[in-house]
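Okay, structure first, notes after.
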Amino acid sequence: MKVSILIRTKNEEAAIAKTLNIISSQTLQPYDIIVVDSGSTDKTVEIVRQWQNINLIQIKSEDFTYGKSLNIGFEAAKGDVVISLSAHAFPKDTDWLEMLVKPFNDPNVAATYGKQLPHLDAWPPVRRDYLSYYGESIRVQNDAKDPANFCFSNSNSAVRRSIWETQPFHETLSYAEDQEWAANVLRLGYKIIYEPQATVYHSHNESFSKVYLRSYNEHRAYKQLYGGDKHMISSAIAWYYLVKEDIKFILKSKSDLKWLVLSPVYRLFYILGKLKAFYSI
C-alpha cells in the first residue's frame, strides 16, 4: 500500500522543518509528500524547497478554502492512502504513520484519524478542550444517523484515495469540511476509525478576536450542514458550564491562576462567535 502525506501551509516557517524531520524518522516512510501552500509571506516555501522529493504546489491565498486545498493535494498524491497533516502537528511517536494506516487492511474503512494532544504551552482552556475531546480507546464510527459519528479531523487523518475520488471534499464550506465528508462516506456504507495510538501534538493559542472568528466560521459551517438555531439562554448556559469546567481544570492542574479571570472572557468570545453565525446580535 502506497502512502502519501499532504501538508497544507501558510506562514509555517516556525514549524514545517520540525514536522518534515519527524516524518523522515517514521518506521513507515511515505511514497510521496505534497505541500500545498496558500500564499505564505514568510520563509515557509524557501524551507520546503530545501527538501528533496517534495511536491510543492502554490495557490493564491484568496483561492484558499480547506476543502479546495485538500482536493488539490489529493489530486497530486500518488498513494493509495493520503494522510492529511497540519504543518504544526508534530507526530508523537516514530510509529505514528504506521498506526494511522494500519486499519486500511479492512476494505470497508474509508478513513482514520488520530489523537491530538495539546502542545506543552497550550493555554488551560485549550488544553482542557483537547484532553476532553480525544479519548484513549479505538472507536469504530459507522452510524450515519448519529452526528457523534461524524467526528473527524484533517489535522491528523488518513483517507482512502479511491473513496475520495467519488467523494471529494466540499470546497465552499468555511469550516468543518472534514465532518461533512465523514457524514457523506458513512451514508455510503463505509466506516471511519479513531486510532488513539496515532498521536500528534497540535493546538492553537489564539487571540480572543481569532477565537471569535474561528467560532463564527465553524458554526456558520455547522448551520449550513445541520441547520438549527442558537438562542441567547442556551448559549449563556453553555458559557456557564464551559467556564465552570475550566475553573475546575485550572485548579486541579495548578495552572496559572490568571486564567480564572481570562477563561470566562475566552469562552465569551467563543460563544459570541457562535451566536453571530446563527443570527446578528
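We name chains A, B, ... following the order of the C-alpha cells; residues begin at 1 in each chain, and ligands are numbered from 1 as shown.
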Quiz item: Could you pull the residues within 10 Å of Arg214 in chain A, counting only C-alpha atoms, minus those fewer than 4 positions along the same chain, as a list of chain:residue names?
Solution: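 Neighbouring residues, sequence-local ones excluded: A:Ser174, A:Tyr175, A:Glu206, A:Phe208, A:Ser209, A:Lys210, A:Glu218, A:His219, A:Arg220, A:Phe269, A:Tyr270, A:Gly273, A:Lys274.
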Give me the residues of range 82-106 of chain A that have any atom at most 9 Å from an atom of range 182-199 of chain A; for each, the nearest atom pair and the distance in Å, rounded to one decimal. Use only C-alpha atoms, sort by chain and number, and format it as a Markdown table.
```
| residue | atom | partner | partner_atom | distance |
| --- | --- | --- | --- | --- |
| A:Phe90 | CA | A:Thr199 | CA | 8.5 |
| A:Pro91 | CA | A:Thr199 | CA | 6.0 |
| A:Lys92 | CA | A:Thr199 | CA | 5.6 |
| A:Asp93 | CA | A:Thr199 | CA | 7.3 |
| A:Asp95 | CA | A:Ala198 | CA | 7.6 |
| A:Trp96 | CA | A:Ala198 | CA | 4.6 |
| A:Leu97 | CA | A:Ala198 | CA | 6.9 |
| A:Glu98 | CA | A:Ala198 | CA | 8.0 |
| A:Met99 | CA | A:Ala198 | CA | 5.4 |
| A:Leu100 | CA | A:Ala198 | CA | 5.3 |
| A:Pro103 | CA | A:Ile193 | CA | 7.3 |
```
Quiz item: So which one's closest to Met1 in chain A, A:Ala77, A:Ile83, A:Val101, A:Leu56? Using only C-alpha atoms, please.
Solution: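 Answer, going by the shortest atom-to-atom distance: A:Val101.
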Exercise. Excluding Lys248 in chain A and any residue of its chain fewer than 4 positions from it, enumerate the residues within 12 Å of it, using only C-alpha atoms, and give them as a PyMOL selection string.
Key: chain A and resi 124-125+128+241-244+252-255+257+259-260+263
Expected file: the selected residues, all heavy atoms, as a compact mmCIF listing (two decimals), in the first residue's frame:
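File part.txt, as written:
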```
# COMPACT_ATOMS: atom_id res chain seq x y z
N PRO A 124 -4.77 26.91 29.41
CA PRO A 124 -5.63 25.95 30.11
C PRO A 124 -6.94 25.60 29.42
O PRO A 124 -7.27 24.41 29.31
CB PRO A 124 -5.84 26.62 31.47
CG PRO A 124 -4.61 27.42 31.68
CD PRO A 124 -4.24 27.95 30.32
N PRO A 125 -7.73 26.57 28.91
CA PRO A 125 -8.98 26.17 28.24
C PRO A 125 -8.72 25.39 26.96
O PRO A 125 -9.50 24.49 26.62
CB PRO A 125 -9.69 27.50 27.97
CG PRO A 125 -8.64 28.54 28.05
CD PRO A 125 -7.63 28.04 29.02
N ARG A 128 -7.69 21.85 28.08
CA ARG A 128 -8.85 21.07 28.53
C ARG A 128 -9.69 20.58 27.35
O ARG A 128 -10.16 19.44 27.34
CB ARG A 128 -9.72 21.90 29.48
CG ARG A 128 -10.84 21.07 30.10
CD ARG A 128 -11.68 21.87 31.05
NE ARG A 128 -12.60 22.78 30.37
CZ ARG A 128 -13.74 22.40 29.80
NH1 ARG A 128 -14.11 21.12 29.80
NH2 ARG A 128 -14.53 23.28 29.21
N TYR A 241 -21.27 26.53 31.77
CA TYR A 241 -20.70 25.20 32.00
C TYR A 241 -19.27 25.11 31.47
O TYR A 241 -18.43 24.42 32.06
CB TYR A 241 -21.59 24.13 31.39
CG TYR A 241 -22.77 23.79 32.26
CD1 TYR A 241 -24.04 24.25 31.96
CD2 TYR A 241 -22.60 23.04 33.43
CE1 TYR A 241 -25.13 23.96 32.79
CE2 TYR A 241 -23.68 22.75 34.26
CZ TYR A 241 -24.94 23.21 33.93
OH TYR A 241 -26.00 22.92 34.76
N LEU A 242 -18.98 25.78 30.38
CA LEU A 242 -17.60 25.81 29.89
C LEU A 242 -16.68 26.44 30.92
O LEU A 242 -15.60 25.91 31.23
CB LEU A 242 -17.52 26.59 28.57
CG LEU A 242 -18.03 25.89 27.31
CD1 LEU A 242 -18.11 26.88 26.15
CD2 LEU A 242 -17.13 24.72 26.94
N VAL A 243 -17.09 27.57 31.46
CA VAL A 243 -16.27 28.27 32.45
C VAL A 243 -16.15 27.45 33.73
O VAL A 243 -15.07 27.35 34.33
CB VAL A 243 -16.86 29.66 32.74
CG1 VAL A 243 -16.11 30.33 33.91
CG2 VAL A 243 -16.78 30.54 31.49
N LYS A 244 -17.25 26.84 34.14
CA LYS A 244 -17.23 26.02 35.35
C LYS A 244 -16.21 24.89 35.24
O LYS A 244 -15.41 24.65 36.16
CB LYS A 244 -18.62 25.44 35.59
CG LYS A 244 -18.72 24.54 36.83
CD LYS A 244 -20.13 23.98 36.97
CE LYS A 244 -20.24 23.03 38.15
NZ LYS A 244 -21.61 22.45 38.25
N LYS A 252 -7.28 22.08 39.46
CA LYS A 252 -6.75 20.73 39.59
C LYS A 252 -5.36 20.60 38.98
O LYS A 252 -4.49 19.91 39.53
CB LYS A 252 -7.70 19.73 38.93
CG LYS A 252 -7.29 18.28 39.09
CD LYS A 252 -8.32 17.34 38.49
CE LYS A 252 -7.90 15.89 38.65
NZ LYS A 252 -8.91 14.96 38.07
N SER A 253 -5.14 21.27 37.85
CA SER A 253 -3.86 21.16 37.15
C SER A 253 -2.84 22.19 37.64
O SER A 253 -1.71 22.22 37.15
CB SER A 253 -4.07 21.35 35.64
OG SER A 253 -4.59 22.64 35.36
N LYS A 254 -3.25 23.02 38.61
CA LYS A 254 -2.38 24.05 39.18
C LYS A 254 -1.83 24.97 38.09
O LYS A 254 -0.64 25.32 38.07
CB LYS A 254 -1.25 23.41 39.98
CG LYS A 254 -1.73 22.57 41.16
CD LYS A 254 -0.58 21.97 41.95
CE LYS A 254 -1.10 21.14 43.12
NZ LYS A 254 0.00 20.52 43.89
N SER A 255 -2.71 25.35 37.18
CA SER A 255 -2.34 26.27 36.11
C SER A 255 -2.24 27.69 36.66
O SER A 255 -2.63 27.97 37.80
CB SER A 255 -3.39 26.23 34.99
OG SER A 255 -3.49 24.93 34.45
N LEU A 257 -3.10 31.05 37.80
CA LEU A 257 -4.40 31.47 38.32
C LEU A 257 -4.99 32.66 37.57
O LEU A 257 -6.18 32.96 37.74
CB LEU A 257 -4.28 31.79 39.80
CG LEU A 257 -3.98 30.58 40.71
CD1 LEU A 257 -3.93 31.02 42.18
CD2 LEU A 257 -5.01 29.48 40.52
N TRP A 259 -5.84 32.62 34.74
CA TRP A 259 -6.84 32.05 33.84
C TRP A 259 -8.20 31.91 34.50
O TRP A 259 -9.20 31.69 33.82
CB TRP A 259 -6.36 30.73 33.26
CG TRP A 259 -5.43 30.99 32.11
CD1 TRP A 259 -4.07 31.00 32.14
CD2 TRP A 259 -5.82 31.37 30.79
NE1 TRP A 259 -3.57 31.34 30.90
CE2 TRP A 259 -4.62 31.57 30.04
CE3 TRP A 259 -7.05 31.55 30.14
CZ2 TRP A 259 -4.63 31.94 28.71
CZ3 TRP A 259 -7.06 31.92 28.82
CH2 TRP A 259 -5.87 32.12 28.11
N LEU A 260 -8.25 32.07 35.83
CA LEU A 260 -9.56 32.13 36.48
C LEU A 260 -10.32 33.37 36.02
O LEU A 260 -11.56 33.40 36.03
CB LEU A 260 -9.39 32.16 38.00
CG LEU A 260 -8.80 30.89 38.63
CD1 LEU A 260 -8.57 31.11 40.12
CD2 LEU A 260 -9.70 29.68 38.38
N SER A 263 -10.27 32.91 31.44
CA SER A 263 -11.08 31.86 30.84
C SER A 263 -12.51 32.30 30.55
O SER A 263 -13.04 32.03 29.46
CB SER A 263 -11.09 30.61 31.71
OG SER A 263 -11.97 29.64 31.19
```
Practice problem: Using only C-alpha atoms, pick whichever of A:Asp143, A:Val200, A:Tyr66, A:Asn156 has the shortest atom-to-atom distance to Glu177 in chain A. | Solution: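 The shortest atom-to-atom distance to Glu177 in chain A comes from A:Tyr66.
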Practice problem: Would you mind writing down, as an NGL selection string, each residue of range 125-179 of chain A that DSSP on the backbone assigns to strand (DSSP E)? | Solution: :A and (139-141 or 156-160)
Exercise. Using only C-alpha atoms, pick whichever of A:Ala221, A:Ile233, A:Val211, A:Ile138 has the shortest atom-to-atom distance to Tyr266 in chain A.
Key: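 Among the listed residues, A:Val211 lies closest to Tyr266 in chain A.
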Quiz item: If we count only C-alpha atoms, what is near Ile33 in chain A at a cut-off of 12 Å, once residues fewer than 6 positions away on the same chain are taken out, given as a PyMOL selection string?
Solution: chain A and resi 2-8+19-20+23-24+48+51-57+73-74+76-79+81-85
Quiz item: Which of these residues is nearest to Thr9 in chain A, using only C-alpha atoms: A:Gly114, A:Pro147, A:Gly39, A:Gly227?
Solution: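 Nearest to Thr9 in chain A: A:Gly39.
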Self-check item: Every residue of range 13-242 of chain A that DSSP places in helix (DSSP H, G or I), as number ranges by chain
Solution: A: 16-24, 44-48, 61-63, 66-76, 96-105, 124-133, 147-150, 161-166, 177-187, 208-226, 232-242
Quiz item: Could you work out how far CA of Ala89 in chain A lies from CA of Tyr113 in chain A, giving the answer in Å with one decimal?
Solution: 12.9 Å
Exercise. Name all residues at most 12 Å from Glu46 in chain A (count only C-alpha atoms; drop same-chain ones fewer than 4 positions away) and give them as a PyMOL selection string.
Key: chain A and resi 11-13+16-17+37+40-42+50-51+56
Quiz item: Any idea what the distance is between CA of Leu173 in chain A and CA of Ser61 in chain A?
Solution: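 Spanning CA of Leu173 in chain A to CA of Ser61 in chain A is a straight-line distance of 15.7 Å.
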Practice problem: For Phe169 in chain A, please output as a PyMOL selection string all residues within 10 Å (counting only C-alpha atoms; exclusion window: fewer than 2 positions along the same chain). | Solution: chain A and resi 66-71+74+164-167+171-173+177-182+184
Mind writing the picked residues with N, CA, C and O atoms as a compact mmCIF listing (two decimals), in the first residue's frame?
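Okay, part22.txt is ready:
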```txt
# COMPACT_ATOMS: atom_id res chain seq x y z
N TYR A 66 -10.40 25.21 2.99
CA TYR A 66 -9.85 23.95 3.49
C TYR A 66 -10.10 22.82 2.50
O TYR A 66 -9.20 22.05 2.17
N GLY A 67 -11.33 22.75 2.01
CA GLY A 67 -11.68 21.67 1.09
C GLY A 67 -10.94 21.77 -0.23
O GLY A 67 -10.48 20.76 -0.77
N LYS A 68 -10.80 22.99 -0.77
CA LYS A 68 -10.15 23.14 -2.06
C LYS A 68 -8.68 22.77 -1.98
O LYS A 68 -8.15 22.09 -2.87
N SER A 69 -7.99 23.21 -0.94
CA SER A 69 -6.57 22.88 -0.81
C SER A 69 -6.38 21.38 -0.63
O SER A 69 -5.41 20.80 -1.14
N LEU A 70 -7.30 20.74 0.08
CA LEU A 70 -7.23 19.29 0.22
C LEU A 70 -7.41 18.60 -1.13
O LEU A 70 -6.65 17.69 -1.48
N ASN A 71 -8.41 19.01 -1.89
CA ASN A 71 -8.66 18.37 -3.18
C ASN A 71 -7.49 18.56 -4.14
O ASN A 71 -7.15 17.64 -4.89
N PHE A 74 -4.86 16.07 -2.89
CA PHE A 74 -5.25 14.69 -3.18
C PHE A 74 -5.09 14.38 -4.67
O PHE A 74 -4.69 13.28 -5.04
N TRP A 164 -12.08 9.04 -1.92
CA TRP A 164 -12.04 10.48 -2.18
C TRP A 164 -12.39 10.78 -3.64
O TRP A 164 -13.04 11.80 -3.93
N GLU A 165 -11.98 9.92 -4.57
CA GLU A 165 -12.26 10.17 -5.98
C GLU A 165 -13.75 10.25 -6.26
O GLU A 165 -14.18 11.00 -7.16
N THR A 166 -14.55 9.51 -5.52
CA THR A 166 -16.01 9.56 -5.70
C THR A 166 -16.66 10.53 -4.72
O THR A 166 -17.80 10.95 -4.94
N GLN A 167 -15.93 10.90 -3.66
CA GLN A 167 -16.47 11.81 -2.66
C GLN A 167 -15.40 12.82 -2.25
O GLN A 167 -14.79 12.72 -1.19
N GLU A 171 -15.81 22.33 -1.19
CA GLU A 171 -14.85 23.40 -1.41
C GLU A 171 -15.34 24.79 -1.01
O GLU A 171 -14.56 25.74 -1.07
N THR A 172 -16.59 24.93 -0.62
CA THR A 172 -17.08 26.26 -0.27
C THR A 172 -17.40 26.43 1.20
O THR A 172 -17.68 27.56 1.65
N LEU A 173 -17.35 25.37 1.98
CA LEU A 173 -17.58 25.49 3.42
C LEU A 173 -16.48 26.32 4.06
O LEU A 173 -15.30 26.19 3.72
N GLU A 177 -15.14 20.95 6.78
CA GLU A 177 -15.16 20.13 5.56
C GLU A 177 -14.87 18.67 5.88
O GLU A 177 -15.34 17.76 5.19
N ASP A 178 -14.14 18.42 6.97
CA ASP A 178 -13.82 17.05 7.36
C ASP A 178 -15.05 16.33 7.91
O ASP A 178 -15.30 15.17 7.57
N GLN A 179 -15.83 17.01 8.73
CA GLN A 179 -17.03 16.39 9.29
C GLN A 179 -18.12 16.20 8.22
O GLN A 179 -18.84 15.19 8.24
N GLU A 180 -18.22 17.14 7.30
CA GLU A 180 -19.17 16.99 6.20
C GLU A 180 -18.81 15.79 5.35
O GLU A 180 -19.68 15.00 4.95
N TRP A 181 -17.52 15.61 5.09
CA TRP A 181 -17.05 14.48 4.30
C TRP A 181 -17.31 13.17 5.04
O TRP A 181 -17.77 12.19 4.45
N ALA A 182 -17.03 13.16 6.34
CA ALA A 182 -17.25 11.95 7.14
C ALA A 182 -18.71 11.53 7.10
O ALA A 182 -19.02 10.33 6.94
N ASN A 184 -20.87 12.06 4.78
CA ASN A 184 -21.19 11.54 3.45
C ASN A 184 -20.69 10.11 3.24
O ASN A 184 -21.40 9.27 2.67
```
Quiz item: What does the distance from CA of Trp123 in chain A to CA of Asp246 in chain A come to in Å, to one decimal?
Solution: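 Between CA of Trp123 in chain A and CA of Asp246 in chain A the gap works out to 10.7 Å.
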Quiz item: Nearest to Val35 in chain A among A:Tyr130, A:Pro107, A:Ile59, A:Phe278, with distances taken over only C-alpha atoms: which residue is it?
Solution: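 Closest candidate: A:Ile59.
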